[in-house]
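Colleague: Pasting in a structure now, in structure tokens, and then I'll have a few things to ask.
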Amino acid sequence: MNGNTTTDEINSSFFEIDLSVFNLKYGDFVNVIIKHRDGCNPRVLNKEVITPESTFEIKHIVANKAGYITWATINEHDSLPFIVEKHRWNKWIRIGSVKGKGTGRLNKYSLNINYHSGKNKFRIKQVGSNKKTRYSKSVEYINIIPELTFIPGNGSSVSNVIYFSNETRYEIYDYYGKLIKTGNSQEIKVEKLKKGTYFLNYDNKTETFSKK
């Protein structure tokens with residue numbers, strides 16, 4: 001470990017490395033090399049003990065008119081990815097990620113994003129050791145464009161194609177809540193769907209349609 005040979009028994013089926021003997025400090029680099037025979041695939045059982053914690057603090061976060069979310073942090077202790085989420089259709093959806101710089105000084109980041117009509121809400125998160133998640137506060141942007149519509153409209157029957165008034169991210173769920181189709185387009189071919197009622201997420205709203 002870190003270039004030093006441990007005192008574990010050779011040819012054992014189980015190894016335990018006592019990290020306390022290496023006098024590690026919080027945030028120190030840890031590199032473990034396991035040498036093994038061909039056909040043997042070692043597995044680390046508790047790798048979370050060397051996974052860094054998320055410690056970032058947000059100093060600045062904004063979603064701007066140019067279509068970017070920008071943020072600045074301090075007190076990062078290691079390079080963990082920042083995950084950007086958008087609140088849409090009553091749930092948080094991952095839309096991208098940026099690798100953290102992992103330093104304690106001021107770090108600046110940005111990510112290109114797409115807006116739907118009306119209120120857009122975003123947040124940043126990191127997942128650290130023991131799967132602990134750390135969130136930023138949410139930030140909002142009001143996009144003043146006409147709301148999208150679709151044809152046939154809400155509740156109407158459709159046979160082959162749904163048309164939107166502009167390109168949009170969409171999701172189709174069946175009556176039991178199973179995700180059937182998702183994508184980004186100005187039209188959806190639905191001729192292969194079974195007859196019944198479906199829920200359609202698009203733009204910033206949820207509506208229904210019936211398949212003939």
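Residues are named by chain letter and number: chains run A, B, ... in the order of the structure tokens, numbers start at 1 in each chain, and ligands are numbered from 1 in the order shown.
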As a CSV table (one decimal) with C-alpha atoms, in the first residue's frame, please: the residues near Ser157 (chain A) (cut-off 10 Å, only C-alpha atoms, same-chain neighbours under 4 positions excluded).
Modeller:
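Contents of result22.csv, as written:
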chain,number,residue,atom,x,y,z
A,151,ILE,CA,-51.4,16.9,-31.1
A,152,PRO,CA,-53.7,15.0,-30.5
A,153,GLY,CA,-54.1,17.0,-27.2
A,195,LYS,CA,-54.4,0.1,-26.8
A,196,GLY,CA,-55.0,1.9,-23.5
A,197,THR,CA,-54.3,5.1,-21.5
A,208,THR,CA,-52.5,11.8,-20.9
A,209,PHE,CA,-53.5,10.3,-24.2
A,210,SER,CA,-55.3,7.2,-25.3
A,211,LYS,CA,-53.9,4.7,-27.9
A,212,LYS,CA,-56.5,3.5,-30.3
Colleague: Show me, as a list in words, the residues that have an atom within 6 Å of Gly128 (chain A) when counting only C-alpha atoms, minus same-chain residues fewer than 6 positions from it.
Modeller: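 Non-adjacent residues within range: Pro52, Glu53 and Ser54 of chain A.
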Colleague: Go ahead and write the residues just picked, N, CA and C atoms, as a PDB file, in the first residue's frame.
Modeller:
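Output file result00.pdb follows:
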ATOM      1  N   PRO A  52     -13.374   9.091  -0.475  1.00  0.00           N
ATOM      2  CA  PRO A  52     -13.402  10.389   0.202  1.00  0.00           C
ATOM      3  C   PRO A  52     -14.815  10.829   0.556  1.00  0.00           C
ATOM      4  N   GLU A  53     -14.922  11.612   1.603  1.00  0.00           N
ATOM      5  CA  GLU A  53     -16.195  12.217   1.961  1.00  0.00           C
ATOM      6  C   GLU A  53     -16.434  13.447   1.092  1.00  0.00           C
ATOM      7  N   SER A  54     -17.710  13.773   0.916  1.00  0.00           N
ATOM      8  CA  SER A  54     -18.056  15.013   0.230  1.00  0.00           C
ATOM      9  C   SER A  54     -18.089  16.133   1.262  1.00  0.00           C
TER      10      SER A  54
END
Colleague: Provide the CA of Phe150 (chain A) to CA of Lys91 (chain A) distance in Å, to one decimal place.
Modeller: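 Straight-line distance from CA of Phe150 (chain A) to CA of Lys91 (chain A) works out to 21.8 Å.
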Colleague: Based on DSSP run over this structure's backbone, return all residues of region 4-191 of chain A in strand (DSSP E or B), as an MDAnalysis selection string.
Modeller: chainID A and resid 57:63 68:74 81:88 91:99 107:112 118:127 133:135 139:143 150:151 157:158 161:173 179:189
Colleague: For Leu106 (chain A), which residue out of A:Lys59, A:Asn64, A:Lys86, A:His77 is the nearest one, using only C-alpha atoms?
Modeller: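 Going through A:Lys59, A:Asn64, A:Lys86, A:His77 one by one, the smallest distance to Leu106 (chain A) is for A:Lys59.
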Colleague: Please indicate the distance in Å from CA of Ile33 (chain A) to CA of Asp78 (chain A), rounded to one decimal place.
Modeller: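 Separating CA of Ile33 (chain A) from CA of Asp78 (chain A) is a distance of 20.1 Å.
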Colleague: Hey, can you check how far CA of Val127 (chain A) sits from CA of Asn46 (chain A)?
Modeller: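 Computing the Euclidean distance for CA of Val127 (chain A) and CA of Asn46 (chain A) yields 16.0 Å.
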Colleague: Using DSSP on the backbone coordinates, identify all residues within region 26-129 of chain A classified as helix (DSSP H, G or I); present the result as a PDB file with N, CA and C atoms, in the first residue's frame.
Modeller:
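File produced: out39.pdb:
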ATOM      1  N   LYS A  47     -14.632  -1.035   0.265  1.00  0.00           N
ATOM      2  CA  LYS A  47     -13.854   0.030  -0.365  1.00  0.00           C
ATOM      3  C   LYS A  47     -14.290   1.426   0.085  1.00  0.00           C
ATOM      4  N   GLU A  48     -15.437   1.504   0.767  1.00  0.00           N
ATOM      5  CA  GLU A  48     -15.897   2.824   1.219  1.00  0.00           C
ATOM      6  C   GLU A  48     -14.949   3.451   2.236  1.00  0.00           C
ATOM      7  N   VAL A  49     -14.087   2.620   2.891  1.00  0.00           N
ATOM      8  CA  VAL A  49     -13.179   3.186   3.896  1.00  0.00           C
ATOM      9  C   VAL A  49     -12.092   4.052   3.267  1.00  0.00           C
ATOM     10  N   ILE A  50     -11.851   3.905   1.957  1.00  0.00           N
ATOM     11  CA  ILE A  50     -10.867   4.753   1.291  1.00  0.00           C
ATOM     12  C   ILE A  50     -11.540   5.663   0.264  1.00  0.00           C
ATOM     13  N   SER A 129     -18.207   8.910   0.740  1.00  0.00           N
ATOM     14  CA  SER A 129     -18.052   7.631   1.423  1.00  0.00           C
ATOM     15  C   SER A 129     -19.361   7.192   2.057  1.00  0.00           C
TER      16      SER A 129
END
Colleague: List every residue of region 45-142 of chain A that has an atom at most 10 Å from any atom of region 162-180 of chain A, giving for each one its closest atom pair and the distance in Å to one decimal, counting only C-alpha atoms, sorted by chain and then by ascending residue number, as a Markdown table.
Modeller:
| residue | atom | partner | partner_atom | distance |
| --- | --- | --- | --- | --- |
| A:Trp89 | CA | A:Glu171 | CA | 9.7 |
| A:Asn114 | CA | A:Arg169 | CA | 9.8 |
| A:Tyr115 | CA | A:Thr168 | CA | 9.8 |
| A:His116 | CA | A:Thr168 | CA | 7.9 |
Colleague: Find the residues near Gly3 (chain A): any atom within 12 Å, counting only C-alpha atoms, skip ones fewer than 5 places away on the same chain, and give them as a PyMOL selection string.
Modeller: chain A and resi 22+29-34
Colleague: Nearest to Thr133 (chain A): which of A:Ile83, A:Lys194, A:Ser20, A:Asn75 is it, counting only C-alpha atoms?
Modeller: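 Nearest to Thr133 (chain A): A:Ile83.
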Colleague: So, counting only C-alpha atoms, which residue among A:Arg94, A:Arg105, A:Arg134, A:Arg88 is closest to Lys121 (chain A)?
Modeller: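 Of A:Arg94, A:Arg105, A:Arg134, A:Arg88, the one nearest Lys121 (chain A), counting only C-alpha atoms, is A:Arg88.
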Colleague: Using only C-alpha atoms, determine which residues lie at most 7 Å from Ile142 (chain A), disregarding the query and same-chain residues fewer than 4 positions distant; provide the list as a list in words.
Modeller: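 Near Ile142 (chain A), the qualifying residues are Gly118, Lys119 and Asn120 of chain A.
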Colleague: Between A:Phe15, A:Tyr135, A:Tyr68, A:Tyr202, which is the closest to Leu148 (chain A) once you count only C-alpha atoms?
Modeller: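 For Leu148 (chain A), the nearest of the given residues is A:Tyr202.
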